[in-house]
$ cat start.cif   # mmCIF, C-alpha atoms
data_run
#
loop_
_atom_site.group_PDB
_atom_site.id
_atom_site.type_symbol
_atom_site.label_atom_id
_atom_site.label_comp_id
_atom_site.auth_asym_id
_atom_site.auth_seq_id
_atom_site.Cartn_x
_atom_site.Cartn_y
_atom_site.Cartn_z
ATOM 1 C CA MET A 1 121.073 121.988 107.036
ATOM 2 C CA PRO A 2 119.424 119.263 109.215
ATOM 3 C CA LEU A 3 118.305 121.904 111.735
ATOM 4 C CA LEU A 4 116.747 124.049 109.005
ATOM 5 C CA ALA A 5 115.127 120.955 107.517
ATOM 6 C CA GLY A 6 113.596 120.069 110.884
ATOM 7 C CA LEU A 7 112.318 123.598 111.431
ATOM 8 C CA GLY A 8 110.926 123.584 107.886
ATOM 9 C CA ALA A 9 109.142 120.258 108.358
ATOM 10 C CA TYR A 10 107.454 121.159 111.644
ATOM 11 C CA GLY A 11 106.810 124.711 110.460
ATOM 12 C CA LEU A 12 104.955 123.429 107.401
ATOM 13 C CA TRP A 13 102.975 120.961 109.522
ATOM 14 C CA GLY A 14 102.074 123.851 111.817
ATOM 15 C CA LEU A 15 100.760 125.884 108.878
ATOM 16 C CA VAL A 16 98.730 123.011 107.391
ATOM 17 C CA PRO A 17 95.433 124.342 108.852
ATOM 18 C CA LEU A 18 95.765 127.374 106.560
ATOM 19 C CA TYR A 19 95.948 125.075 103.538
ATOM 20 C CA PHE A 20 92.873 123.096 104.540
ATOM 21 C CA LYS A 21 90.956 126.304 105.183
ATOM 22 C CA LEU A 22 91.629 127.233 101.549
ATOM 23 C CA VAL A 23 90.122 123.986 100.226
ATOM 24 C CA GLN A 24 87.307 123.532 102.750
ATOM 25 C CA ALA A 25 84.676 124.014 100.015
ATOM 26 C CA ALA A 26 85.465 120.452 98.921
ATOM 27 C CA GLY A 27 84.592 118.848 102.253
ATOM 28 C CA ALA A 28 86.800 116.673 104.425
ATOM 29 C CA ASP A 29 86.003 113.414 102.604
ATOM 30 C CA GLU A 30 86.892 114.719 99.137
ATOM 31 C CA ILE A 31 89.997 116.505 100.445
ATOM 32 C CA ILE A 32 91.346 113.297 101.996
ATOM 33 C CA ALA A 33 90.536 111.271 98.877
ATOM 34 C CA HIS A 34 92.533 113.735 96.764
ATOM 35 C CA ARG A 35 95.332 113.800 99.336
ATOM 36 C CA VAL A 36 95.670 110.018 99.119
ATOM 37 C CA VAL A 37 95.614 109.909 95.293
ATOM 38 C CA TRP A 38 98.055 112.761 94.731
ATOM 39 C CA SER A 39 100.340 111.617 97.562
ATOM 40 C CA VAL A 40 100.773 108.285 95.770
ATOM 41 C CA ALA A 41 101.760 110.134 92.590
ATOM 42 C CA MET A 42 104.193 112.471 94.390
ATOM 43 C CA LEU A 43 105.775 109.702 96.463
ATOM 44 C CA ALA A 44 106.184 107.469 93.409
ATOM 45 C CA LEU A 45 107.899 110.331 91.570
ATOM 46 C CA VAL A 46 110.264 111.062 94.487
ATOM 47 C CA LEU A 47 111.167 107.388 94.931
ATOM 48 C CA LEU A 48 111.643 106.945 91.186
ATOM 49 C CA LEU A 49 113.977 109.951 90.978
ATOM 50 C CA ARG A 50 115.875 108.831 94.069
ATOM 51 C CA HIS A 51 116.366 105.174 93.122
ATOM 52 C CA ARG A 52 115.938 105.232 89.307
ATOM 53 C CA GLY A 53 116.577 101.716 88.008
ATOM 54 C CA ARG A 54 116.315 100.251 91.516
ATOM 55 C CA PHE A 55 112.801 101.623 92.092
ATOM 56 C CA LEU A 56 111.014 98.257 92.097
ATOM 57 C CA ALA A 57 113.657 96.659 94.286
ATOM 58 C CA GLN A 58 113.455 99.522 96.786
ATOM 59 C CA VAL A 59 109.665 99.500 97.124
ATOM 60 C CA ARG A 60 109.302 95.707 97.267
ATOM 61 C CA ILE A 61 108.050 94.583 100.687
ATOM 62 C CA PRO A 62 107.155 91.176 102.171
ATOM 63 C CA ALA A 63 103.524 90.203 102.756
ATOM 64 C CA ARG A 64 103.895 90.548 106.528
ATOM 65 C CA VAL A 65 104.972 94.176 106.164
ATOM 66 C CA ALA A 66 102.178 94.821 103.649
ATOM 67 C CA ARG A 67 99.566 93.637 106.164
ATOM 68 C CA ALA A 68 100.996 95.941 108.832
ATOM 69 C CA LEU A 69 101.040 98.876 106.407
ATOM 70 C CA LEU A 70 97.416 98.214 105.483
ATOM 71 C CA LEU A 71 96.541 98.736 109.149
ATOM 72 C CA SER A 72 98.785 101.796 109.521
ATOM 73 C CA GLY A 73 97.361 103.227 106.287
ATOM 74 C CA LEU A 74 93.850 102.939 107.695
ATOM 75 C CA LEU A 75 94.968 104.649 110.905
ATOM 76 C CA VAL A 76 96.688 107.538 109.115
ATOM 77 C CA ALA A 77 93.647 108.004 106.857
ATOM 78 C CA ILE A 78 91.423 108.231 109.960
ATOM 79 C CA ASN A 79 93.867 110.708 111.494
ATOM 80 C CA TRP A 80 93.880 112.869 108.335
ATOM 81 C CA LEU A 81 90.077 112.792 108.130
ATOM 82 C CA ILE A 82 89.648 113.867 111.764
ATOM 83 C CA PHE A 83 92.214 116.639 111.306
ATOM 84 C CA VAL A 84 90.637 118.074 108.154
ATOM 85 C CA TYR A 85 87.134 117.813 109.620
ATOM 86 C CA ALA A 86 88.300 119.691 112.737
ATOM 87 C CA VAL A 87 89.922 122.445 110.672
ATOM 88 C CA ASN A 88 86.919 122.811 108.379
ATOM 89 C CA THR A 89 84.511 123.041 111.326
ATOM 90 C CA ASP A 90 86.561 125.757 113.077
ATOM 91 C CA ARG A 91 88.065 123.530 115.767
ATOM 92 C CA VAL A 92 91.768 124.004 115.088
ATOM 93 C CA LEU A 93 92.308 124.380 118.846
ATOM 94 C CA GLN A 94 91.314 120.738 119.256
ATOM 95 C CA THR A 95 93.929 119.672 116.696
ATOM 96 C CA SER A 96 96.552 121.513 118.723
ATOM 97 C CA LEU A 97 95.365 119.813 121.910
ATOM 98 C CA GLY A 98 95.420 116.413 120.190
ATOM 99 C CA TYR A 99 98.996 116.698 119.000
ATOM 100 C CA PHE A 100 100.162 118.038 122.365
ATOM 101 C CA ILE A 101 98.642 114.948 124.009
ATOM 102 C CA ASN A 102 100.003 112.542 121.379
ATOM 103 C CA PRO A 103 103.559 112.036 122.780
ATOM 104 C CA LEU A 104 102.093 111.060 126.138
ATOM 105 C CA VAL A 105 99.656 108.651 124.463
ATOM 106 C CA SER A 106 102.683 107.089 122.751
ATOM 107 C CA VAL A 107 104.405 106.665 126.133
ATOM 108 C CA LEU A 108 101.286 104.962 127.491
ATOM 109 C CA LEU A 109 100.996 102.642 124.464
ATOM 110 C CA GLY A 110 104.673 101.744 124.687
ATOM 111 C CA THR A 111 104.182 100.753 128.321
ATOM 112 C CA LEU A 112 100.912 98.830 127.874
ATOM 113 C CA VAL A 113 101.596 97.142 124.529
ATOM 114 C CA LEU A 114 105.374 96.852 124.171
ATOM 115 C CA GLY A 115 106.169 96.398 127.854
ATOM 116 C CA GLU A 116 108.495 99.403 127.900
ATOM 117 C CA ARG A 117 109.366 100.734 131.329
ATOM 118 C CA MET A 118 107.764 104.073 132.116
ATOM 119 C CA GLN A 119 110.021 106.370 134.077
ATOM 120 C CA ARG A 120 108.585 108.094 137.127
ATOM 121 C CA ALA A 121 108.591 111.522 135.462
ATOM 122 C CA GLN A 122 106.828 110.092 132.414
ATOM 123 C CA GLY A 123 104.153 108.538 134.626
ATOM 124 C CA ILE A 124 103.538 111.872 136.355
ATOM 125 C CA ALA A 125 103.376 113.569 132.943
ATOM 126 C CA VAL A 126 100.716 111.109 131.727
ATOM 127 C CA VAL A 127 98.664 111.713 134.897
ATOM 128 C CA LEU A 128 98.920 115.501 134.468
ATOM 129 C CA ALA A 129 97.811 115.303 130.827
ATOM 130 C CA ALA A 130 94.913 113.019 131.768
ATOM 131 C CA ALA A 131 93.903 115.462 134.531
ATOM 132 C CA GLY A 132 93.902 118.362 132.055
ATOM 133 C CA THR A 133 91.828 116.441 129.536
ATOM 134 C CA ILE A 134 89.313 115.264 132.165
ATOM 135 C CA TYR A 135 89.033 118.774 133.606
ATOM 136 C CA LEU A 136 88.240 120.188 130.156
ATOM 137 C CA ALA A 137 85.703 117.417 129.490
ATOM 138 C CA VAL A 138 83.880 118.158 132.753
ATOM 139 C CA ARG A 139 83.887 121.927 132.208
ATOM 140 C CA ILE A 140 82.705 121.912 128.576
ATOM 141 C CA GLY A 141 80.235 119.074 129.172
ATOM 142 C CA HIS A 142 81.803 116.438 126.893
ATOM 143 C CA PRO A 143 85.239 114.990 126.140
ATOM 144 C CA PRO A 144 87.305 116.721 123.423
ATOM 145 C CA TRP A 145 86.583 113.856 121.032
ATOM 146 C CA LEU A 146 88.429 115.282 118.041
ATOM 147 C CA ALA A 147 91.605 115.907 120.060
ATOM 148 C CA LEU A 148 91.430 112.441 121.598
ATOM 149 C CA GLY A 149 90.744 110.888 118.181
ATOM 150 C CA LEU A 150 93.822 112.585 116.725
ATOM 151 C CA ALA A 151 96.050 111.615 119.649
ATOM 152 C CA VAL A 152 94.921 107.984 119.789
ATOM 153 C CA SER A 153 94.867 107.367 116.018
ATOM 154 C CA PHE A 154 98.346 108.840 115.557
ATOM 155 C CA GLY A 155 99.631 107.070 118.663
ATOM 156 C CA LEU A 156 98.398 103.727 117.294
ATOM 157 C CA TYR A 157 99.849 104.624 113.890
ATOM 158 C CA GLY A 158 103.244 105.269 115.487
ATOM 159 C CA LEU A 159 103.004 101.972 117.381
ATOM 160 C CA VAL A 160 102.333 99.973 114.202
ATOM 161 C CA ARG A 161 105.123 101.751 112.311
ATOM 162 C CA LYS A 162 107.557 101.206 115.211
ATOM 163 C CA VAL A 163 107.224 97.428 114.948
ATOM 164 C CA THR A 164 107.215 97.422 111.120
ATOM 165 C CA ASP A 165 110.591 97.243 109.411
ATOM 166 C CA VAL A 166 110.162 99.745 106.569
ATOM 167 C CA GLY A 167 111.493 103.228 105.766
ATOM 168 C CA PRO A 168 109.257 106.299 106.173
ATOM 169 C CA MET A 169 108.986 107.123 102.448
ATOM 170 C CA VAL A 170 108.405 103.563 101.253
ATOM 171 C CA GLY A 171 106.019 102.951 104.139
ATOM 172 C CA LEU A 172 103.868 105.995 103.354
ATOM 173 C CA PHE A 173 103.940 105.099 99.653
ATOM 174 C CA TRP A 174 102.420 101.672 100.366
ATOM 175 C CA GLU A 175 99.996 103.043 102.961
ATOM 176 C CA THR A 176 98.559 105.557 100.522
ATOM 177 C CA LEU A 177 98.750 103.125 97.587
ATOM 178 C CA MET A 178 96.594 100.601 99.465
ATOM 179 C CA MET A 179 94.138 103.349 100.405
ATOM 180 C CA MET A 180 93.993 104.665 96.817
ATOM 181 C CA PRO A 181 91.299 102.240 95.486
ATOM 182 C CA VAL A 182 88.940 103.381 98.243
ATOM 183 C CA ALA A 183 89.808 107.031 97.555
ATOM 184 C CA LEU A 184 89.190 106.643 93.807
ATOM 185 C CA LEU A 185 85.894 104.828 94.375
ATOM 186 C CA TRP A 186 84.765 107.591 96.726
ATOM 187 C CA LEU A 187 85.653 110.273 94.187
ATOM 188 C CA LEU A 188 83.731 108.370 91.499
ATOM 189 C CA LEU A 189 80.744 108.124 93.843
ATOM 190 C CA LEU A 190 80.854 111.860 94.550
ATOM 191 C CA ASP A 191 81.133 112.582 90.834
ATOM 192 C CA GLY A 192 78.202 110.276 90.029
ATOM 193 C CA ARG A 193 76.037 112.107 92.567
ATOM 194 C CA GLY A 194 77.156 115.481 91.223
ATOM 195 C CA GLU A 195 78.718 116.385 94.554
ATOM 196 C CA MET A 196 82.404 116.472 93.598
ATOM 197 C CA VAL A 197 83.948 119.934 93.769
ATOM 198 C CA PHE A 198 87.085 119.026 91.796
ATOM 199 C CA GLY A 199 86.628 119.969 88.135
ATOM 200 C CA SER A 200 83.473 121.956 88.776
ATOM 201 C CA ALA A 201 84.901 124.930 90.663
ATOM 202 C CA GLU A 202 87.664 127.427 89.983
ATOM 203 C CA GLY A 203 90.882 126.057 88.566
ATOM 204 C CA SER A 204 92.821 127.390 91.543
ATOM 205 C CA LEU A 205 90.851 125.116 93.878
ATOM 206 C CA ASP A 206 91.650 122.120 91.667
ATOM 207 C CA LEU A 207 95.352 122.983 91.856
ATOM 208 C CA LEU A 208 95.155 123.286 95.630
ATOM 209 C CA LEU A 209 93.511 119.867 95.894
ATOM 210 C CA ILE A 210 96.255 118.384 93.723
ATOM 211 C CA GLY A 211 98.729 120.161 96.001
ATOM 212 C CA GLY A 212 97.607 117.862 98.805
ATOM 213 C CA GLY A 213 100.345 115.542 97.555
ATOM 214 C CA LEU A 214 102.990 118.219 98.067
ATOM 215 C CA VAL A 215 101.565 119.089 101.476
ATOM 216 C CA THR A 216 102.136 115.454 102.442
ATOM 217 C CA VAL A 217 105.489 114.726 100.791
ATOM 218 C CA VAL A 218 107.548 117.934 101.221
ATOM 219 C CA PRO A 219 107.450 118.030 105.061
ATOM 220 C CA LEU A 220 108.192 114.295 105.119
ATOM 221 C CA LEU A 221 111.320 114.789 102.982
ATOM 222 C CA LEU A 222 112.482 117.614 105.241
ATOM 223 C CA PHE A 223 111.780 115.520 108.325
ATOM 224 C CA ALA A 224 113.787 112.586 106.938
ATOM 225 C CA THR A 225 116.759 114.934 106.414
ATOM 226 C CA ALA A 226 116.437 116.268 109.964
ATOM 227 C CA ALA A 227 116.066 112.807 111.511
ATOM 228 C CA ARG A 228 119.290 111.623 109.855
ATOM 229 C CA GLY A 229 121.379 114.620 110.927
ATOM 230 C CA LEU A 230 120.040 115.662 114.346
ATOM 231 C CA PRO A 231 120.111 114.013 117.781
ATOM 232 C CA LEU A 232 116.869 112.186 118.532
ATOM 233 C CA ILE A 233 116.154 114.407 121.557
ATOM 234 C CA THR A 234 116.328 117.506 119.329
ATOM 235 C CA VAL A 235 113.870 115.996 116.851
ATOM 236 C CA GLY A 236 111.632 114.985 119.755
ATOM 237 C CA LEU A 237 111.509 118.497 121.169
ATOM 238 C CA MET A 238 110.820 119.945 117.712
ATOM 239 C CA GLN A 239 107.540 118.026 117.535
ATOM 240 C CA TYR A 240 105.931 120.707 119.737
ATOM 241 C CA ILE A 241 106.504 123.382 117.077
ATOM 242 C CA ALA A 242 103.553 122.279 114.917
ATOM 243 C CA PRO A 243 100.837 122.147 117.635
ATOM 244 C CA SER A 244 102.170 125.419 119.079
ATOM 245 C CA MET A 245 101.729 127.089 115.688
ATOM 246 C CA SER A 246 98.260 125.565 115.335
ATOM 247 C CA PHE A 247 97.404 126.882 118.800
ATOM 248 C CA CYS A 248 98.442 130.405 117.765
ATOM 249 C CA LEU A 249 96.477 130.165 114.515
ATOM 250 C CA ALA A 250 93.366 128.988 116.362
ATOM 251 C CA VAL A 251 93.437 131.645 119.084
ATOM 252 C CA PHE A 252 94.892 134.704 117.334
ATOM 253 C CA LEU A 253 93.950 134.276 113.657
ATOM 254 C CA PHE A 254 90.787 132.165 113.604
ATOM 255 C CA ARG A 255 89.538 133.656 116.903
ATOM 256 C CA GLU A 256 88.290 130.356 118.276
ATOM 257 C CA PRO A 257 86.973 130.509 121.858
ATOM 258 C CA PHE A 258 89.722 130.100 124.459
ATOM 259 C CA THR A 259 88.242 130.145 127.943
ATOM 260 C CA VAL A 260 89.817 129.941 131.371
ATOM 261 C CA HIS A 261 88.940 126.233 131.322
ATOM 262 C CA HIS A 262 90.993 125.789 128.142
ATOM 263 C CA ALA A 263 93.832 127.696 129.844
ATOM 264 C CA VAL A 264 93.782 125.327 132.834
ATOM 265 C CA ALA A 265 93.676 122.217 130.636
ATOM 266 C CA PHE A 266 96.429 123.411 128.308
ATOM 267 C CA GLY A 267 98.482 124.535 131.320
ATOM 268 C CA LEU A 268 98.368 121.043 132.826
ATOM 269 C CA ILE A 269 99.245 119.450 129.483
ATOM 270 C CA TRP A 270 102.112 121.902 128.876
ATOM 271 C CA ALA A 271 103.436 121.133 132.367
ATOM 272 C CA ALA A 272 103.237 117.433 131.521
ATOM 273 C CA LEU A 273 105.166 117.978 128.289
ATOM 274 C CA ALA A 274 107.832 120.049 130.069
ATOM 275 C CA LEU A 275 108.294 117.248 132.600
ATOM 276 C CA TYR A 276 108.343 114.611 129.853
ATOM 277 C CA SER A 277 110.866 116.578 127.765
ATOM 278 C CA ALA A 278 113.163 117.206 130.738
ATOM 279 C CA SER A 279 113.092 113.495 131.567
ATOM 280 C CA ALA A 280 113.871 112.558 127.957
ATOM 281 C CA TRP A 281 116.723 115.082 127.835
ATOM 282 C CA ARG A 282 118.289 113.723 131.044
ATOM 283 C CA TYR A 283 117.957 110.154 129.792
ATOM 284 C CA ALA A 284 119.591 111.062 126.458
ATOM 285 C CA ARG A 285 122.499 112.722 128.291
ATOM 286 C CA LEU A 286 122.938 109.621 130.460
ATOM 287 C CA GLN A 287 122.938 107.367 127.404
ATOM 288 C CA ARG A 288 125.588 109.509 125.694
ATOM 289 C CA ARG A 289 127.724 109.479 128.832
ATOM 290 C CA VAL A 290 127.489 105.691 129.046
ATOM 291 C CA ALA A 291 128.305 105.366 125.340
ATOM 292 C CA ARG A 292 131.398 107.591 125.697
ATOM 293 C CA ALA A 293 132.572 105.653 128.737
ATOM 294 C CA SER A 294 132.293 102.358 126.845
ATOM 295 C CA VAL A 295 134.598 103.506 124.013
ATOM 296 C CA GLU A 296 137.201 105.415 126.033
ATOM 297 C CA PRO A 297 140.423 103.397 126.557
ATOM 298 C CA PRO A 298 141.209 102.411 130.155
ATOM 299 C CA PRO A 299 143.771 104.598 131.932
ATOM 300 C CA ALA A 300 147.381 103.558 131.566
ATOM 301 C CA PRO A 301 148.804 101.769 134.631
ATOM 302 C CA ALA A 302 150.882 103.906 136.893
ATOM 303 C CA GLU A 303 154.638 103.656 136.317
ATOM 304 C CA VAL A 304 156.332 101.516 138.948
ATOM 305 C CA ARG A 305 159.874 102.567 139.874
ATOM 306 C CA PRO A 306 162.300 100.222 141.520
#
$ encode --input "start.cif" --output "structure tokens"
Amino acid sequence: MPLLAGLGAYGLWGLVPLYFKLVQAAGADEIIAHRVVWSVAMLALVLLLRHRGRFLAQVRIPARVARALLLSGLLVAINWLIFVYAVNTDRVLQTSLGYFINPLVSVLLGTLVLGERMQRAQGIAVVLAAAGTIYLAVRIGHPPWLALGLAVSFGLYGLVRKVTDVGPMVGLFWETLMMMPVALLWLLLLDGRGEMVFGSAEGSLDLLLIGGGLVTVVPLLLFATAARGLPLITVGLMQYIAPSMSFCLAVFLFREPFTVHHAVAFGLIWAALALYSASAWRYARLQRRVARASVEPPPAPAEVRP
């Protein structure tokens, strides 16, 4: 069950570009505003059903955590906006690139901000990914800003959430709840200017915009199940499923340009990820070996005969 849940979570995240293509008539700003509003409703319903009479106690957080979640909420909203804008402007390939780079950005942030020790293989992986990104920037004439924006915003989001003591569901509930006033004001502004698509188009589009809440919550629930039941290294390796699916959608379904320069850049980044994953796998094996050695009883003393 945890393995299927993990595959389901990353599979759904990989197919998300198809969903946003269906609602692109609304524009990235309106889509994100609806995603925030309906995510709050869906998350509140899930938490209420899960905790029932203990709902208020479960979602109560201290002011220090609330301030951190305000920052992480802003970062995830920026990340969502960049992602939807990229999909709606036919640059799904950049979203794939961004989420392939993201784990290496997280390694770099952990080293620079948290003082974590970067292993040699991880350092080489970061250099390879940087080389691929720089090569692509030089060849296409400008940096892949959308990919970098996705990688950096989500890397910073992960950093804030790492140092914030709150569960994933409750954390996202507060992040979206604190963003909801801005989202509602934006929707009212669009409606006042006669530019809001919701309510003025086909009913199916309205339902899809409301479904932004499900698109957010369902993969998160599946991911939480996977994270509880699978080794961390397995969950870590699964994170490449979503950008790989987005890559396939961009190249084979949406027919976005994929030049030899893209092939070189992606090749360097994939090599970096292979090196990073192998290093993480070896480290996880070492940790398990050390943990087993610490709990095994010492050998019995040899019998001494007179």
$ atom_distance --input "start.cif" --atom1 "CA of Ala137 (chain A)" --atom2 "CA of Ala265 (chain A)"
9.4 Å
$ residues_near_point --input "start.cif" --point "(102.8, 106.8, 114.6)" --cutoff "10 Å" --atoms "all atoms listed in the file" --output "JSON, numbers by chain"
{"A": [72, 75, 76, 102, 103, 106, 151, 152, 153, 154, 155, 156, 157, 158, 159, 160, 161, 162]}
$ write_last_selection --input "start.cif" --atoms "C-alpha atoms" --output "compact mmCIF listing (two decimals), in the frame of the given file"
# COMPACT_ATOMS: atom_id res chain seq x y z
CA SER A 72 98.78 101.80 109.52
CA LEU A 75 94.97 104.65 110.90
CA VAL A 76 96.69 107.54 109.12
CA ASN A 102 100.00 112.54 121.38
CA PRO A 103 103.56 112.04 122.78
CA SER A 106 102.68 107.09 122.75
CA ALA A 151 96.05 111.62 119.65
CA VAL A 152 94.92 107.98 119.79
CA SER A 153 94.87 107.37 116.02
CA PHE A 154 98.35 108.84 115.56
CA GLY A 155 99.63 107.07 118.66
CA LEU A 156 98.40 103.73 117.29
CA TYR A 157 99.85 104.62 113.89
CA GLY A 158 103.24 105.27 115.49
CA LEU A 159 103.00 101.97 117.38
CA VAL A 160 102.33 99.97 114.20
CA ARG A 161 105.12 101.75 112.31
CA LYS A 162 107.56 101.21 115.21
$ resolve_selection --input "start.cif" --expression "the PyMOL selection byres ((chain A and resi 5-20) around 7)" --output "ChimeraX atom specification"
/A:1-4,21-24,84,87,219-220,222-223,225-226,239,241-243,245-246
$ resolve_selection --input "start.cif" --expression "the PyMOL selection byres ((chain A and resi 177) around 10)" --output "list in words"
Val36, Val37, Ser39, Val40, Ala41, Leu43, Ala44, Leu70, Gly73, Gly171, Leu172, Phe173, Trp174, Glu175, Thr176, Met178, Met179, Met180, Pro181, Val182 and Ala183 of chain A
$ write_last_selection --input "start.cif" --atoms "C-alpha atoms" --output "PDB file, in the frame of the given file"
ATOM      1  CA  VAL A  36      95.670 110.018  99.119  1.00  0.00           C
ATOM      2  CA  VAL A  37      95.614 109.909  95.293  1.00  0.00           C
ATOM      3  CA  SER A  39     100.340 111.617  97.562  1.00  0.00           C
ATOM      4  CA  VAL A  40     100.773 108.285  95.770  1.00  0.00           C
ATOM      5  CA  ALA A  41     101.760 110.134  92.590  1.00  0.00           C
ATOM      6  CA  LEU A  43     105.775 109.702  96.463  1.00  0.00           C
ATOM      7  CA  ALA A  44     106.184 107.469  93.409  1.00  0.00           C
ATOM      8  CA  LEU A  70      97.416  98.214 105.483  1.00  0.00           C
ATOM      9  CA  GLY A  73      97.361 103.227 106.287  1.00  0.00           C
ATOM     10  CA  GLY A 171     106.019 102.951 104.139  1.00  0.00           C
ATOM     11  CA  LEU A 172     103.868 105.995 103.354  1.00  0.00           C
ATOM     12  CA  PHE A 173     103.940 105.099  99.653  1.00  0.00           C
ATOM     13  CA  TRP A 174     102.420 101.672 100.366  1.00  0.00           C
ATOM     14  CA  GLU A 175      99.996 103.043 102.961  1.00  0.00           C
ATOM     15  CA  THR A 176      98.559 105.557 100.522  1.00  0.00           C
ATOM     16  CA  MET A 178      96.594 100.601  99.465  1.00  0.00           C
ATOM     17  CA  MET A 179      94.138 103.349 100.405  1.00  0.00           C
ATOM     18  CA  MET A 180      93.993 104.665  96.817  1.00  0.00           C
ATOM     19  CA  PRO A 181      91.299 102.240  95.486  1.00  0.00           C
ATOM     20  CA  VAL A 182      88.940 103.381  98.243  1.00  0.00           C
ATOM     21  CA  ALA A 183      89.808 107.031  97.555  1.00  0.00           C
TER      22      ALA A 183
END
$ resolve_selection --input "start.cif" --expression "the PyMOL selection byres ((chain A and resi 26) around 12)" --output "PyMOL selection string"
chain A and resi 20-25+27-35+84-85+88+187+190+195-202+205-206+208-209
$ axis_aligned_box --input "start.cif" --around "region 74-81 of chain A" --padding-each-side "6 Å" --output "JSON"
{"center_x": 93.4, "center_y": 107.9, "center_z": 109.2, "size_x": 18.6, "size_y": 21.9, "size_z": 16.6}
$ closest_residue --input "start.cif" --among "A:Leu253, A:Ala227, A:Ile210, A:Val290" --to "Trp38 (chain A)" --atoms "only C-alpha atoms"
A:Ile210
$ closest_residue --input "start.cif" --among "A:Ala130, A:Ile140, A:Ala272, A:Leu148" --to "Asn79 (chain A)" --atoms "only C-alpha atoms"
A:Leu148
$ atom_distance --input "start.cif" --atom1 "CA of Leu207 (chain A)" --atom2 "CA of Ala250 (chain A)"
25.3 Å
$ atom_distance --input "start.cif" --atom1 "CA of Leu93 (chain A)" --atom2 "CA of Thr111 (chain A)"
28.1 Å
$ residues_around --input "start.cif" --residues "Leu108 (chain A)" --least-positions-apart "4" --cutoff "10 Å" --atoms "all atoms listed in the file" --output "NGL selection string"
:A and (102-104 or 112-118 or 122-123 or 126 or 155)
$ write_last_selection --input "start.cif" --atoms "C-alpha atoms" --output "mmCIF file, keeping the file's coordinate frame"
data_model
loop_
_atom_site.group_PDB
_atom_site.id
_atom_site.type_symbol
_atom_site.label_atom_id
_atom_site.label_comp_id
_atom_site.auth_asym_id
_atom_site.auth_seq_id
_atom_site.Cartn_x
_atom_site.Cartn_y
_atom_site.Cartn_z
ATOM 1 C CA ASN A 102 100.003 112.542 121.379
ATOM 2 C CA PRO A 103 103.559 112.036 122.780
ATOM 3 C CA LEU A 104 102.093 111.060 126.138
ATOM 4 C CA LEU A 112 100.912 98.830 127.874
ATOM 5 C CA VAL A 113 101.596 97.142 124.529
ATOM 6 C CA LEU A 114 105.374 96.852 124.171
ATOM 7 C CA GLY A 115 106.169 96.398 127.854
ATOM 8 C CA GLU A 116 108.495 99.403 127.900
ATOM 9 C CA ARG A 117 109.366 100.734 131.329
ATOM 10 C CA MET A 118 107.764 104.073 132.116
ATOM 11 C CA GLN A 122 106.828 110.092 132.414
ATOM 12 C CA GLY A 123 104.153 108.538 134.626
ATOM 13 C CA VAL A 126 100.716 111.109 131.727
ATOM 14 C CA GLY A 155 99.631 107.070 118.663
#
$ closest_residue --input "start.cif" --among "A:Ala280, A:Ala66, A:Val260, A:Leu286" --to "Val107 (chain A)" --atoms "all atoms listed in the file"
A:Ala280
$ residues_around --input "start.cif" --residues "Arg139 (chain A)" --least-positions-apart "5" --cutoff "12 Å" --atoms "only C-alpha atoms" --output "PyMOL selection string"
chain A and resi 132-134+144+259-265
$ build_atoms --input "start.cif" --residues "region 282-289 of chain A" --atoms "N, CA, C and O atoms" --output "PDB file, in the coordinates of the input"
ATOM      1  N   ARG A 282     117.365 114.308 130.064  1.00  0.00           N
ATOM      2  CA  ARG A 282     118.289 113.723 131.044  1.00  0.00           C
ATOM      3  C   ARG A 282     118.666 112.297 130.659  1.00  0.00           C
ATOM      4  O   ARG A 282     119.829 111.896 130.774  1.00  0.00           O
ATOM      5  N   TYR A 283     117.683 111.541 130.184  1.00  0.00           N
ATOM      6  CA  TYR A 283     117.957 110.154 129.792  1.00  0.00           C
ATOM      7  C   TYR A 283     118.906 110.109 128.596  1.00  0.00           C
ATOM      8  O   TYR A 283     119.817 109.282 128.546  1.00  0.00           O
ATOM      9  N   ALA A 284     118.717 111.013 127.624  1.00  0.00           N
ATOM     10  CA  ALA A 284     119.591 111.062 126.458  1.00  0.00           C
ATOM     11  C   ALA A 284     121.021 111.413 126.867  1.00  0.00           C
ATOM     12  O   ALA A 284     121.988 110.847 126.358  1.00  0.00           O
ATOM     13  N   ARG A 285     121.163 112.358 127.802  1.00  0.00           N
ATOM     14  CA  ARG A 285     122.499 112.722 128.291  1.00  0.00           C
ATOM     15  C   ARG A 285     123.164 111.537 128.979  1.00  0.00           C
ATOM     16  O   ARG A 285     124.369 111.279 128.792  1.00  0.00           O
ATOM     17  N   LEU A 286     122.403 110.799 129.775  1.00  0.00           N
ATOM     18  CA  LEU A 286     122.938 109.621 130.460  1.00  0.00           C
ATOM     19  C   LEU A 286     123.398 108.574 129.461  1.00  0.00           C
ATOM     20  O   LEU A 286     124.472 107.980 129.601  1.00  0.00           O
ATOM     21  N   GLN A 287     122.583 108.358 128.424  1.00  0.00           N
ATOM     22  CA  GLN A 287     122.938 107.367 127.404  1.00  0.00           C
ATOM     23  C   GLN A 287     124.222 107.763 126.683  1.00  0.00           C
ATOM     24  O   GLN A 287     125.081 106.911 126.405  1.00  0.00           O
ATOM     25  N   ARG A 288     124.370 109.059 126.361  1.00  0.00           N
ATOM     26  CA  ARG A 288     125.588 109.509 125.694  1.00  0.00           C
ATOM     27  C   ARG A 288     126.808 109.344 126.605  1.00  0.00           C
ATOM     28  O   ARG A 288     127.887 108.970 126.145  1.00  0.00           O
ATOM     29  N   ARG A 289     126.616 109.621 127.888  1.00  0.00           N
ATOM     30  CA  ARG A 289     127.724 109.479 128.832  1.00  0.00           C
ATOM     31  C   ARG A 289     128.165 108.018 128.938  1.00  0.00           C
ATOM     32  O   ARG A 289     129.362 107.713 128.956  1.00  0.00           O
TER      33      ARG A 289
END
